[in-house]
Structures are given as C-alpha cells and as structure tokens.
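> What follows is the file target24.tsv, containing TSV, C-alpha atoms:
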chain	number	residue	atom	x	y	z
A	1	MET	CA	0.00	0.00	0.00
A	2	LEU	CA	2.83	2.42	0.81
A	3	SER	CA	4.45	1.72	-2.55
A	4	THR	CA	1.17	2.62	-4.22
A	5	LEU	CA	0.70	5.80	-2.17
A	6	CYS	CA	4.28	7.14	-2.28
A	7	VAL	CA	4.14	8.24	-5.89
A	8	ASP	CA	5.17	11.49	-7.58
A	9	LYS	CA	1.70	12.96	-7.15
A	10	GLY	CA	-0.31	15.03	-4.72
A	11	ILE	CA	1.86	18.00	-3.86
A	12	SER	CA	-0.11	20.60	-1.85
A	13	GLY	CA	-2.75	22.05	-4.15
A	14	ARG	CA	-2.68	19.06	-6.50
A	15	GLU	CA	-4.14	16.39	-4.25
A	16	SER	CA	-6.73	15.47	-6.88
A	17	GLU	CA	-3.97	13.45	-8.53
A	18	MET	CA	-4.38	10.96	-5.65
A	19	THR	CA	-8.15	10.55	-5.89
A	20	GLU	CA	-8.32	7.44	-8.07
A	21	ILE	CA	-5.54	5.74	-6.09
A	22	ILE	CA	-7.43	6.23	-2.83
A	23	LYS	CA	-10.72	5.11	-4.36
A	24	ASP	CA	-9.10	1.89	-5.57
A	25	LEU	CA	-7.54	1.18	-2.16
A	26	LEU	CA	-10.88	1.75	-0.41
A	27	ASP	CA	-12.89	-0.30	-2.90
A	28	GLY	CA	-15.56	-2.29	-1.09
A	29	CYS	CA	-14.85	-0.63	2.27
A	30	ALA	CA	-16.47	2.80	1.99
A	31	GLU	CA	-18.52	5.19	-0.11
A	32	VAL	CA	-16.19	7.86	-1.48
A	33	GLU	CA	-16.98	11.45	-2.49
A	34	ILE	CA	-15.00	14.61	-3.13
A	35	ASP	CA	-15.97	17.95	-1.56
A	36	ASN	CA	-15.51	21.43	-3.02
A	37	SER	CA	-12.05	21.83	-1.47
A	38	GLY	CA	-10.84	18.53	-2.93
A	39	ASN	CA	-10.95	16.59	0.34
A	40	ILE	CA	-11.65	12.89	-0.17
A	41	ILE	CA	-14.39	11.75	2.21
A	42	ALA	CA	-15.00	8.03	2.70
A	43	SER	CA	-18.20	7.19	4.59
A	44	VAL	CA	-18.67	4.01	6.62
A	45	GLY	CA	-21.63	2.92	8.73
A	46	ASP	CA	-25.06	4.41	9.26
A	47	LYS	CA	-25.21	8.06	8.17
A	48	ASN	CA	-28.17	8.52	10.53
A	49	ALA	CA	-26.35	7.28	13.63
A	50	ASP	CA	-26.50	9.49	16.72
A	51	LYS	CA	-22.74	9.95	16.88
A	52	HIS	CA	-20.37	10.97	14.10
A	53	ILE	CA	-16.63	10.26	14.31
A	54	MET	CA	-14.13	11.74	11.84
A	55	LEU	CA	-10.72	10.20	11.17
A	56	ASP	CA	-8.30	12.55	9.40
A	57	ALA	CA	-5.05	12.13	7.48
A	58	HIS	CA	-3.70	14.74	5.11
A	59	THR	CA	-3.09	13.74	1.51
A	60	ASP	CA	-0.61	16.37	0.39
A	61	ARG	CA	3.16	16.01	0.31
A	62	ILE	CA	5.90	18.62	0.32
A	63	GLY	CA	7.86	19.48	-2.81
A	64	LEU	CA	8.63	22.46	-5.01
A	65	THR	CA	6.96	24.41	-7.77
A	66	VAL	CA	8.50	25.94	-10.89
A	67	THR	CA	8.51	29.75	-10.79
A	68	TYR	CA	10.75	30.79	-13.69
A	69	ILE	CA	12.81	29.54	-16.63
A	70	GLY	CA	16.21	31.25	-16.65
A	71	GLU	CA	19.00	31.62	-19.17
A	72	GLY	CA	20.56	28.39	-20.33
A	73	GLY	CA	17.47	26.40	-19.43
A	74	PHE	CA	18.01	26.44	-15.67
A	75	VAL	CA	14.72	26.17	-13.77
A	76	LYS	CA	13.97	28.35	-10.73
A	77	ALA	CA	11.82	26.70	-8.05
A	78	GLU	CA	10.10	27.60	-4.79
A	79	PRO	CA	9.41	25.22	-1.86
A	80	VAL	CA	5.85	24.01	-1.28
A	81	GLY	CA	5.51	23.20	2.40
A	82	GLY	CA	8.26	22.84	4.99
A	83	ILE	CA	10.89	21.13	2.89
A	84	ASP	CA	14.32	20.68	4.52
A	85	LEU	CA	16.52	23.01	2.47
A	86	ARG	CA	19.68	21.41	3.90
A	87	THR	CA	18.98	18.22	1.94
A	88	LEU	CA	18.36	19.82	-1.45
A	89	PRO	CA	21.76	20.55	-3.07
A	90	GLY	CA	22.63	17.77	-5.50
A	91	SER	CA	19.27	16.04	-5.01
A	92	ALA	CA	17.56	14.36	-7.95
A	93	VAL	CA	14.04	15.61	-8.69
A	94	THR	CA	11.21	14.90	-11.09
A	95	ILE	CA	9.60	17.91	-12.79
A	96	VAL	CA	6.07	17.15	-13.96
A	97	GLY	CA	5.59	19.22	-17.10
A	98	LYS	CA	4.12	18.20	-20.44
A	99	GLU	CA	6.30	15.16	-19.84
A	100	ASN	CA	8.26	14.09	-16.77
A	101	VAL	CA	11.80	15.42	-16.60
A	102	THR	CA	14.41	13.99	-14.26
A	103	ALA	CA	16.77	16.74	-13.13
A	104	VAL	CA	19.18	17.75	-10.36
A	105	ILE	CA	19.09	20.68	-7.95
A	106	CYS	CA	22.15	22.79	-8.61
A	107	THR	CA	24.86	22.89	-5.98
A	108	GLU	CA	27.84	25.17	-5.75
A	109	PRO	CA	31.11	23.22	-5.41
A	110	PRO	CA	32.32	23.25	-1.79
A	111	HIS	CA	35.64	24.69	-3.02
A	112	LEU	CA	33.75	27.86	-4.04
A	113	SER	CA	30.95	28.04	-1.48
A	114	LYS	CA	32.81	30.22	1.04
A	115	GLY	CA	31.49	28.15	3.91
A	116	ASP	CA	27.76	28.73	3.33
A	117	ALA	CA	25.94	26.23	5.50
A	118	GLU	CA	22.81	25.59	3.46
A	119	LEU	CA	20.83	26.50	0.38
A	120	SER	CA	18.51	29.51	0.73
A	121	ARG	CA	15.04	29.68	-0.83
A	122	ASP	CA	16.10	32.32	-3.34
A	123	LYS	CA	18.95	30.18	-4.69
A	124	ILE	CA	17.05	27.02	-5.66
A	125	TRP	CA	17.86	26.31	-9.31
A	126	ILE	CA	17.36	23.03	-11.13
A	127	ASP	CA	19.51	21.70	-13.97
A	128	THR	CA	17.63	19.58	-16.51
A	129	GLY	CA	20.54	19.24	-18.92
A	130	LEU	CA	18.22	20.44	-21.71
A	131	SER	CA	18.47	23.54	-23.87
A	132	GLU	CA	16.55	26.65	-22.89
A	133	GLU	CA	14.30	26.20	-25.90
A	134	LYS	CA	13.49	22.59	-25.01
A	135	VAL	CA	12.89	23.41	-21.34
A	136	LYS	CA	10.39	26.15	-22.25
A	137	GLU	CA	8.66	23.72	-24.58
A	138	ILE	CA	8.15	21.11	-21.84
A	139	ILE	CA	8.13	23.00	-18.52
A	140	SER	CA	6.01	25.96	-17.38
A	141	PRO	CA	5.69	28.06	-14.21
A	142	GLY	CA	3.46	26.28	-11.71
A	143	ASP	CA	4.61	22.77	-12.66
A	144	SER	CA	5.20	20.46	-9.70
A	145	VAL	CA	8.66	19.27	-8.66
A	146	TYR	CA	9.05	16.11	-6.57
A	147	LEU	CA	12.09	14.92	-4.68
A	148	TYR	CA	13.13	11.73	-6.43
A	149	GLY	CA	12.98	8.52	-4.45
A	150	ARG	CA	11.31	5.14	-4.44
A	151	PRO	CA	9.95	3.09	-1.52
A	152	THR	CA	12.62	0.72	-0.24
A	153	ARG	CA	12.25	-2.13	2.24
A	154	LEU	CA	15.03	-2.02	4.82
A	155	LEU	CA	15.80	-4.44	7.64
A	156	SER	CA	12.91	-6.03	9.55
A	157	ASP	CA	9.66	-4.17	8.75
A	158	ILE	CA	11.17	-0.74	8.10
A	159	VAL	CA	10.29	1.14	4.92
A	160	ALA	CA	12.10	4.23	3.59
A	161	ALA	CA	10.48	6.52	1.03
A	162	PRO	CA	9.70	10.12	0.22
A	163	ALA	CA	6.26	11.45	1.28
A	164	LEU	CA	5.70	9.00	4.15
A	165	ASP	CA	4.51	12.14	5.92
A	166	ASN	CA	1.64	11.64	5.51
A	167	ARG	CA	1.11	8.82	3.01
A	168	ALA	CA	1.76	6.47	5.94
A	169	GLY	CA	-1.11	8.17	7.77
A	170	MET	CA	-3.33	7.64	4.75
A	171	ALA	CA	-2.36	3.97	4.77
A	172	VAL	CA	-3.39	3.79	8.44
A	173	LEU	CA	-6.87	5.12	7.62
A	174	ILE	CA	-7.27	2.71	4.72
A	175	LYS	CA	-6.12	-0.18	6.92
A	176	THR	CA	-8.64	0.93	9.56
A	177	ALA	CA	-11.43	0.82	6.97
A	178	ARG	CA	-10.38	-2.70	6.01
A	179	LEU	CA	-10.35	-3.82	9.66
A	180	LEU	CA	-13.90	-2.49	10.07
A	181	LYS	CA	-15.23	-3.97	6.83
A	182	GLY	CA	-18.36	-6.06	7.41
A	183	LYS	CA	-18.63	-5.14	11.10
A	184	PRO	CA	-21.70	-3.33	12.47
A	185	LEU	CA	-20.62	0.13	13.64
A	186	PRO	CA	-22.34	1.97	16.50
A	187	VAL	CA	-21.41	5.32	14.91
A	188	ARG	CA	-21.31	7.15	11.63
A	189	LEU	CA	-17.69	7.18	10.47
A	190	SER	CA	-16.03	9.59	8.03
A	191	LEU	CA	-12.50	8.89	6.86
A	192	VAL	CA	-11.22	12.20	5.50
A	193	PHE	CA	-8.12	12.57	3.35
A	194	THR	CA	-7.55	16.31	3.58
A	195	VAL	CA	-5.84	18.77	1.28
A	196	GLN	CA	-3.16	21.41	1.93
A	197	GLU	CA	-2.12	20.51	5.47
A	198	GLU	CA	1.45	21.43	4.64
A	199	THR	CA	0.36	24.90	3.51
A	200	GLY	CA	-1.99	25.90	6.33
A	201	GLU	CA	-4.27	22.94	7.21
A	202	LEU	CA	-6.88	24.35	4.86
A	203	GLY	CA	-8.74	21.15	3.97
A	204	ALA	CA	-9.14	20.19	7.62
A	205	GLY	CA	-11.06	23.38	8.31
A	206	THR	CA	-13.46	23.07	5.38
A	207	SER	CA	-14.14	19.34	5.82
A	208	ALA	CA	-14.78	19.60	9.56
A	209	PHE	CA	-17.17	22.51	8.99
A	210	SER	CA	-19.22	20.62	6.39
A	211	LEU	CA	-19.21	17.26	8.20
A	212	ALA	CA	-19.76	18.65	11.73
A	213	PRO	CA	-18.40	15.56	13.53
A	214	ASP	CA	-18.81	15.01	17.28
A	215	GLU	CA	-15.26	13.69	17.62
A	216	ALA	CA	-12.17	13.60	15.42
A	217	ILE	CA	-8.89	11.70	15.56
A	218	ILE	CA	-6.04	13.00	13.45
A	219	VAL	CA	-3.31	10.65	12.19
A	220	ASP	CA	0.02	12.21	11.28
A	221	ALA	CA	3.78	11.72	11.59
A	222	ASP	CA	5.74	12.57	14.73
A	223	PHE	CA	9.42	12.44	15.60
A	224	ALA	CA	11.07	9.08	16.15
A	225	VAL	CA	13.94	8.71	18.60
A	226	GLU	CA	17.09	9.29	16.56
A	227	VAL	CA	20.36	11.18	16.72
A	228	GLY	CA	19.74	14.85	17.55
A	229	VAL	CA	16.12	14.39	18.68
A	230	MET	CA	15.35	14.64	22.38
A	231	LYS	CA	13.69	11.55	23.87
A	232	SER	CA	11.17	13.83	25.61
A	233	HIS	CA	9.88	14.93	22.19
A	234	SER	CA	9.99	11.61	20.32
A	235	GLY	CA	8.82	8.01	20.33
A	236	PRO	CA	10.79	4.73	20.12
A	237	PHE	CA	10.88	3.60	16.50
A	238	GLY	CA	9.06	0.35	15.81
A	239	LYS	CA	7.73	0.09	19.36
A	240	CYS	CA	4.84	2.47	19.88
A	241	VAL	CA	1.93	4.62	18.84
A	242	MET	CA	2.31	8.27	19.86
A	243	LEU	CA	-0.47	10.19	21.60
A	244	THR	CA	-0.42	13.99	21.74
A	245	LEU	CA	-0.94	15.66	25.11
A	246	SER	CA	-1.89	19.29	24.58
A	247	PRO	CA	-4.23	21.89	26.07
A	248	THR	CA	-6.11	21.88	22.76
A	249	VAL	CA	-7.04	18.16	22.61
A	250	SER	CA	-9.73	16.23	24.47
A	251	LYS	CA	-8.60	14.80	27.80
A	252	GLU	CA	-11.55	12.39	27.75
A	253	MET	CA	-10.63	11.03	24.31
A	254	ASN	CA	-7.00	10.62	25.39
A	255	SER	CA	-8.10	8.70	28.49
A	256	LYS	CA	-10.16	6.29	26.41
A	257	LEU	CA	-7.35	5.82	23.88
A	258	LYS	CA	-4.94	5.03	26.73
A	259	GLU	CA	-7.41	2.49	28.13
A	260	LEU	CA	-7.94	0.78	24.77
A	261	ALA	CA	-4.21	0.71	24.03
A	262	GLY	CA	-3.65	-1.11	27.31
A	263	GLN	CA	-6.34	-3.67	26.46
A	264	LEU	CA	-4.77	-4.26	23.03
A	265	GLY	CA	-1.20	-4.47	24.38
A	266	ILE	CA	-0.12	-1.43	22.38
A	267	GLU	CA	2.62	0.72	23.91
A	268	LEU	CA	2.02	4.46	23.86
A	269	ALA	CA	4.57	7.24	23.79
A	270	TYR	CA	3.64	10.86	24.33
A	271	GLU	CA	4.19	14.07	22.40
A	272	VAL	CA	3.68	16.80	24.99
A	273	THR	CA	3.12	20.34	23.75
A	274	GLY	CA	2.07	23.45	25.61
A	275	GLY	CA	-0.10	24.78	22.79
A	276	ALA	CA	-1.09	23.95	19.24
A	277	THR	CA	-0.39	20.46	17.90
A	278	GLY	CA	0.96	21.47	14.49
A	279	THR	CA	-1.53	19.09	12.83
A	280	ASP	CA	-4.99	19.25	11.27
A	281	ALA	CA	-6.36	19.03	14.83
A	282	ASP	CA	-5.70	22.74	15.28
A	283	ARG	CA	-8.24	23.59	12.58
A	284	ILE	CA	-10.74	20.81	13.28
A	285	SER	CA	-11.03	21.51	17.01
A	286	LEU	CA	-12.15	25.08	16.26
A	287	SER	CA	-14.76	24.18	13.65
A	288	ARG	CA	-18.31	25.43	14.23
A	289	GLY	CA	-19.00	25.21	17.98
A	290	GLY	CA	-15.90	23.08	18.55
A	291	VAL	CA	-14.99	19.43	17.94
A	292	ARG	CA	-13.41	17.10	20.50
A	293	THR	CA	-10.12	15.98	18.99
A	294	ALA	CA	-7.21	13.65	19.62
A	295	VAL	CA	-3.97	13.09	17.69
A	296	LEU	CA	-2.40	9.68	17.11
A	297	SER	CA	0.99	9.59	15.41
A	298	TYR	CA	3.50	7.07	14.13
A	299	PRO	CA	7.22	7.68	14.77
A	300	LEU	CA	9.00	8.90	11.63
A	301	LYS	CA	12.70	9.28	10.97
A	302	ASN	CA	14.27	11.88	8.66
A	303	MET	CA	11.10	14.02	8.54
A	304	HIS	CA	10.53	16.22	5.48
A	305	THR	CA	13.33	14.67	3.46
A	306	GLN	CA	13.38	12.37	0.43
A	307	CYS	CA	14.28	9.41	2.66
A	308	GLU	CA	11.74	9.29	5.49
A	309	ALA	CA	11.38	5.98	7.35
A	310	VAL	CA	8.59	4.20	9.24
A	311	ALA	CA	8.14	0.82	10.90
A	312	LEU	CA	5.14	-1.09	9.54
A	313	CYS	CA	4.29	-2.45	13.00
A	314	ASP	CA	3.69	1.12	14.24
A	315	LEU	CA	1.25	1.72	11.38
A	316	GLU	CA	-0.53	-1.58	12.04
A	317	ASN	CA	-0.95	-0.77	15.73
A	318	THR	CA	-2.25	2.71	14.99
A	319	ALA	CA	-4.92	1.21	12.73
A	320	ARG	CA	-5.84	-1.41	15.35
A	321	LEU	CA	-6.29	1.29	18.00
A	322	LEU	CA	-8.41	3.44	15.69
A	323	ALA	CA	-10.63	0.51	14.74
A	324	GLU	CA	-11.18	-0.41	18.38
A	325	TYR	CA	-12.07	3.18	19.28
A	326	VAL	CA	-14.71	3.25	16.52
A	327	LEU	CA	-16.11	-0.17	17.42
A	328	THR	CA	-16.57	0.91	21.04
A	329	GLY	CA	-18.48	4.00	19.92
A	330	GLY	CA	-16.06	6.69	21.03
A	331	LEU	CA	-16.78	8.66	24.16
A	332	ASP	CA	-19.73	7.73	26.36
A	333	LEU	CA	-21.11	11.20	27.07
Step by step, read the file and then write its structure as structure tokens.

Amino acid sequence: MLSTLCVDKGISGRESEMTEIIKDLLDGCAEVEIDNSGNIIASVGDKNADKHIMLDAHTDRIGLTVTYIGEGGFVKAEPVGGIDLRTLPGSAVTIVGKENVTAVICTEPPHLSKGDAELSRDKIWIDTGLSEEKVKEIISPGDSVYLYGRPTRLLSDIVAAPALDNRAGMAVLIKTARLLKGKPLPVRLSLVFTVQEETGELGAGTSAFSLAPDEAIIVDADFAVEVGVMKSHSGPFGKCVMLTLSPTVSKEMNSKLKELAGQLGIELAYEVTGGATGTDADRISLSRGGVRTAVLSYPLKNMHTQCEAVALCDLENTARLLAEYVLTGGLDL
C-alpha cells in the first residue's frame, strides 16, 4: 500500500492526482466522495447514527513548484511546504511538465561556497541538462517538482520513502477501513483525506465545517527517537503509537485511547506540547461550535526529506487502535 501511495503525485494544491488511487484502495470498504475543497471523504456505517466520528489524514506532500525559466534552461523553483533546504543541493528531482523530466538541484562546489551552511530559498535552481528552448517547450511556471525517491524495504519491517509524511497516515486510515469492513458500527464514520495541510491545514477546516463531527482523531507523523532528537519529544521507533498531550485536545478522548491501548497491548509514547499540535487538529477543534479531537501519530525518521522511514508495525498498531475506538463508539457522554 505504501508503494502505491508514495508516488510522484499530490503535492499541496494538486491532491486530486491521488483521488483514483485512494478510491481503488478503499474499494468495497467505503462510499467515497470529493468535496468542493478537494478533500476525499469516505463514509462508513449508518449516516443517521446518533454519533459521528471523523478520522483525518492529510493527503498532500511537500515538494517544489516551478517559478521561472532562466537563461541556459536552468529552472527556478520555490518550496511548497516545509521542505528541509539542507537536503536539497545535488538532489535528484522529477519535474512534472508536459512530460516528466528527471533533473538535479544545482549545488555550488564546496571549493567555491565560502562556507555557506545551506541552500537559501532564493537560490534554488534546477539543472535539466536540456536547452533553454526545449525546457520552455516542456516546462512551465506552476509545474510540480518532486524529490526523487522510491519506496525501499530495509531491515525487519522498516520502509524508507519520500512522502511517508503523511502517506503512511493515509495507509493507516485505509487499513482501519479494512479492519472495520463487514462489522456493524455503533457510529457514523467519516475517513477524511484532507488537502493542503502542509500549507496551512486548509482542507481540515473546510471538511470539519461541512461534516460537523462530534469527535475527530487526526493521524500524522511525529518524531522518532534518533540522533539529535530529544527523547522527551519523540517516540521509540518500531515500538509504539504516539499520543499527543496538549491543552487543545480532548482529555476524555485521550483517556479512552490510553485504556484501549492497554487492552490491546499497544505501547504508547507521548508528544507533549504546551499549545497547538501542528496538525490538522488545530483547525478541526475550532470548527463550528468546537470538535473534540485527539492526535495519534506514528514515529517517523528523517522528517521532510526524500528518505523518510517508518516501521510497519507502528502503522498496524495505529490502525488497530483506531478501529477499536470506533467499534466501542467513542466517548460515552
């Protein structure tokens, strides 16, 4: 499923490129529709049920967009979302124009760089190796640029790929739908694959307003324990599901998720923040008269690079916990 989802499609603002892929993966598990913002909404269970639970994972991935064709055919680009500029020099990319073009982000030789630590936004140029005439024939301002990479299975159940934030979260929602298939649900369930999280959480706001759920659980990436990341702000890789503790999330939902995790034998780690969560929850919780929210995350290494990594067991356990929460009907209020 990750190999299918981690494709060169769906940069922020172009999530519609993922629609048919998601429909195919949800075939037989949910009724799928697209709202005016481009959010993909998959409905499961009785639409007339007393309680409505929303599960959210954003569809968009970070990348770049073409802004200008310069002399000699060099392509100027601008980041879309919080891309790690330190990783860009010398990186292979795919420019999606009238045809796909594999190219390389220009890098100044270290002998001439005068000690500059990283690439700045205004100095992102891409070398296609083509003539200026040919580049202008194929590539136009606004074309998407994707960091090149392909899903790779590493040791044990670890997968490395670009766009795992948040294609892994999408996979969790699809897996949850498959776990619930054929089971009577005590709630109405909406699985929402939202647009433009990386550029302002826009789809989360519009979808929550139109759906008006009673509760929402957001699935997104969080920091795995690795070199340079404090243990107090990360989770052990391949060993846990992460639960966000924040003033803005529902304490009652967190308590139930902790209880269910214990019953399922799933270890939890905690992302503690003193304010906003930095996820779609920040928009959803403020929708209409307010929505009770919780955030479940999977530990992710190398965030916002072309070589992110997840452990499949963490994704499986996140889906198991979500399915159990839905089957038990959410909060008993």
> For the atom pair atom CA of A:Lys239 and atom CA of A:Thr273, what is the interatomic distance in Å to one decimal place?
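That distance, rounded to one decimal, is 21.2 Å.
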> Excluding A:Thr318 and its own-chain neighbours fewer than 6 positions away, which residues fall within 8 Å of it when counting all atoms listed in the file? Please give them as a PyMOL selection string.
chain A and resi 172+241+296-298
> Could you write out that same residue set with C-alpha atoms as an mmCIF file, keeping the file's coordinate frame?

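Once everything was written out, this is out-v4.cif:
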data_model
loop_
_atom_site.group_PDB
_atom_site.id
_atom_site.type_symbol
_atom_site.label_atom_id
_atom_site.label_comp_id
_atom_site.auth_asym_id
_atom_site.auth_seq_id
_atom_site.Cartn_x
_atom_site.Cartn_y
_atom_site.Cartn_z
ATOM 1 C CA VAL A 172 -3.390 3.790 8.440
ATOM 2 C CA VAL A 241 1.930 4.620 18.840
ATOM 3 C CA LEU A 296 -2.400 9.680 17.110
ATOM 4 C CA SER A 297 0.990 9.590 15.410
ATOM 5 C CA TYR A 298 3.500 7.070 14.130
#
> Within 7 Å of (11.3, 28.9, -3.7), all atoms listed in the file: residues as a PyMOL selection string?
chain A and resi 77-79+121-122+124
> Pick out the closest residue to A:Leu155 from this set: A:Ala42, A:Ala309, A:Leu2, A:Leu315. Count only C-alpha atoms.
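Of all the options, A:Ala309 lies closest to A:Leu155.
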> Just the residues within 10 Å of A:Thr107, please, counting only C-alpha atoms, with nothing from its chain fewer than 2 positions along; format it as a list in words.
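Counting only the stated atoms, we get Leu88, Pro89, Gly90, Ser91, Val104, Ile105, Pro109, Pro110, Ser113, Leu119, Lys123, Ile124, Trp125, Ile126 and Asp127 of chain A.
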> From the options A:Leu327, A:Ile218, A:Ala261, A:Leu211, which residue's atoms come nearest to A:Thr277, counting all atoms listed in the file?
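Smallest separation from A:Thr277 among the options: A:Ile218.
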> For atom CA of A:Val96 and atom CA of A:Lys9, quote the distance in Å rounded to one decimal.
9.1 Å
> Kindly indicate which residue among A:Thr305, A:Lys181, A:Lys231, A:Gly330 lies nearest to A:Leu85, using all atoms listed in the file for the distances.
A:Thr305
> Which residue gives the smallest distance to A:Val44 among A:Ser207, A:Ser246, A:Thr4, A:Ser190, with all atoms listed in the file counted?
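Ranking A:Ser207, A:Ser246, A:Thr4, A:Ser190 by distance to A:Val44, first place goes to A:Ser190.
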> Between A:Ala311, A:Ile41, A:Leu64, A:Ala319, which has the minimum distance to A:Ile266 (counting all atoms listed in the file)?
A:Ala319
> Between A:Asn317, A:Ser250, A:Ser120, A:Ser37, single out the one closest to A:Leu173, counting all atoms listed in the file.
A:Asn317
> For A:Asp84, work out the shell of residues within 10 Å, counting all atoms listed in the file and skipping chain neighbours fewer than 2 positions away, then give it as a ChimeraX atom specification.
/A:62-63,79,81-82,86-88,118-119,302-306
> Could you state the separation of atom CA of A:Ile11 and atom CA of A:Leu25 in Å, given to one decimal place?
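Atom-to-atom, atom CA of A:Ile11 and atom CA of A:Leu25 are spaced 19.3 Å apart.
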> Can you tell me which residues surround A:Thr244 at a distance of at most 12 Å, considering only C-alpha atoms, apart from same-chain residues fewer than 3 positions away, and format the answer as JSON, numbers by chain?
{"A": [217, 218, 219, 220, 221, 222, 223, 233, 234, 235, 241, 247, 248, 249, 250, 251, 253, 254, 255, 257, 258, 268, 269, 270, 271, 272, 273, 274, 275, 276, 277, 278, 279, 281, 293, 294, 295, 296, 297, 298]}
> Excluding A:Tyr68 and residues on its chain fewer than 3 positions from it, collect all residues at most 12 Å away from it, counting all atoms listed in the file, and give them as an MDAnalysis selection string.
chainID A and resid 65 71 73:78 122 124:126 132 135:136 139:143
